[in-house]
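Student: I'd like to ask you about the structure that follows.
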Amino acid sequence: MNELITMFLTFFRVGAFTFGGGYAMLPVLQREVVEKKGWCTDDELTDMYAIGQCTPGVIAVNVATYIGYRRRGPVGAIFTTLGIVCPSLIIICIIAGFLTQFAEYAVVQHAFSGIRIAVCALVTKTVYTMVRKNVKDVATFVIVIASFLSVVLFNITPIAAVVICGLAGVLLHGGNKKGA
């Protein structure tokens with residue numbers, strides 16, 4: 001029971017102190033579940049991000065659910081999912097009660113502008129970290145660029161991009177276990 005409570009509180013903290021949605025939570029998740037708790041490795045977390053992107057729902061919730069399931073089965077999945085979702089529900093209820101009264105104030109609008117900039121910085125750091133850890137050679141760099149351009153310029157769905165890149169990785173590395 002202690003581990004379940006720890007899992008709930010860890011993901012509650014992640015949900016409570018990150019703003020901007022799933023991608024903004026990724027660096028905090030990495031710090032909490034890889035560096036502090038050791039519940040998974042960087043590579044495993046990156047794989048979870050990819051799977052979380054392909055499955056319905058918010059990526060951070062999907063990752064939290066998966067980590068909980070890996071650690072403690074269905075009960076662990078419930079605790080981690082509730083942990084990451086509860087802060088948002090609480091905050092949304094509080095904001096909904098007050099925001100409509102204060103949304104027009106310049107200070108509120110400026111605060112949201114600053115928050116959006118911080119979220120962009122968090123997402124950029126996550127992308128940088130993931131590219132640095134996963135782009136190992138020219139071929140994987142080409143896959144990253146081709147994937148990015150196909151999503152941005154040609155509106156390829158993220159699911160299709162992940163599947164195509166996965167197949168490209170298998171073809172490039174011939175199914176080697178180490179990936180190189």
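Each chain in the structure tokens gets a letter, A, B and so on, in the order shown; residues start at 1 in every chain, and ligands are counted from 1 in the order they appear.
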Give me the residues near Phe17 of chain A as a list in words, where near means some atom within 10 Å (using only C-alpha atoms) and where sequence neighbours in that chain fewer than 6 positions away do not count.

Tutor: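 Near neighbours after the sequence-gap exclusion: Phe11, Met25, Val28, Pro87 and Ser88 of chain A.
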
Student: Can you spit out the residues from that selection as a PDB file, in the first residue's frame, using N, CA, C and O atoms?

Tutor:
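As a result, again_1.pdb now contains:
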ATOM      1  N   PHE A  11       2.701  11.210  -8.896  1.00  0.00           N
ATOM      2  CA  PHE A  11       1.993  11.672 -10.091  1.00  0.00           C
ATOM      3  C   PHE A  11       1.068  12.845  -9.781  1.00  0.00           C
ATOM      4  O   PHE A  11       0.832  13.689 -10.652  1.00  0.00           O
ATOM      5  N   MET A  25       4.588  18.192 -19.290  1.00  0.00           N
ATOM      6  CA  MET A  25       4.836  17.298 -18.165  1.00  0.00           C
ATOM      7  C   MET A  25       6.010  16.357 -18.410  1.00  0.00           C
ATOM      8  O   MET A  25       6.556  15.796 -17.472  1.00  0.00           O
ATOM      9  N   VAL A  28       9.259  16.822 -16.400  1.00  0.00           N
ATOM     10  CA  VAL A  28       9.010  16.573 -14.976  1.00  0.00           C
ATOM     11  C   VAL A  28       8.839  15.074 -14.741  1.00  0.00           C
ATOM     12  O   VAL A  28       9.377  14.524 -13.774  1.00  0.00           O
ATOM     13  N   PRO A  87      -5.072  16.748  -9.756  1.00  0.00           N
ATOM     14  CA  PRO A  87      -4.741  18.176  -9.662  1.00  0.00           C
ATOM     15  C   PRO A  87      -5.416  19.011 -10.751  1.00  0.00           C
ATOM     16  O   PRO A  87      -5.893  20.111 -10.472  1.00  0.00           O
ATOM     17  N   SER A  88      -5.460  18.483 -11.963  1.00  0.00           N
ATOM     18  CA  SER A  88      -6.099  19.219 -13.057  1.00  0.00           C
ATOM     19  C   SER A  88      -7.577  19.427 -12.779  1.00  0.00           C
ATOM     20  O   SER A  88      -8.113  20.519 -13.017  1.00  0.00           O
TER      21      SER A  88
END

Student: Any chance you could list, as a PyMOL selection string, the residues in chain A that come up helix (DSSP H, G or I) when DSSP is run on the backbone?

Tutor: chain A and resi 2-16+22-36+42-54+59-102+106-134+138-154+158-173

Student: From the set A:Val170, A:Ile5, A:Val123, A:Val162, which residue has the shortest atom-to-atom contact distance to Thr80 of chain A, counting only C-alpha atoms?

Tutor: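 Going through A:Val170, A:Ile5, A:Val123, A:Val162 one by one, the smallest distance to Thr80 of chain A is for A:Ile5.
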
Student: Using only C-alpha atoms, find each residue in segment 46-104 of chain A having at least one atom no more than 12 Å away from segment 129-149 of chain A; report its shortest atom-to-atom pair and that distance in Å (one decimal), rows by chain then rising number, as a Markdown table.

Tutor:
| residue | atom | partner | partner_atom | distance |
| --- | --- | --- | --- | --- |
| A:Thr46 | CA | A:Met130 | CA | 7.3 |
| A:Asp47 | CA | A:Asn134 | CA | 10.6 |
| A:Tyr49 | CA | A:Met130 | CA | 10.1 |
| A:Ala50 | CA | A:Met130 | CA | 11.1 |

Student: Which distance in Å separates atom CA of Gly76 of chain A and atom CA of Ile94 of chain A, to one decimal?

Tutor: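 Atom CA of Ile94 of chain A lies 27.8 Å from atom CA of Gly76 of chain A.
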
Student: So what do you get for atom CA of Val119 of chain A versus atom CA of Val163 of chain A, distance-wise?

Tutor: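 So the answer is 27.0 Å.
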
Student: Taking into account only C-alpha atoms, which residue in the set A:Tyr23, A:Phe112, A:Phe154, A:Trp39 is nearest to Ile59 of chain A?

Tutor: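 Counting only C-alpha atoms, the residue closest to Ile59 of chain A is A:Tyr23.
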
Student: Got a sec: who's within 10 Å of Arg72 of chain A, counting only C-alpha atoms, leaving out chain neighbours fewer than 6 positions off, as a PyMOL selection string?

Tutor: chain A and resi 3-4+7+78-80

Student: I need the residue nearest Leu82 of chain A from this list: A:Gln101, A:Thr126, A:Thr157, A:Thr10. Use only C-alpha atoms for the distance.

Tutor: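 With only C-alpha atoms as the atom set, the closest residue is A:Thr10.
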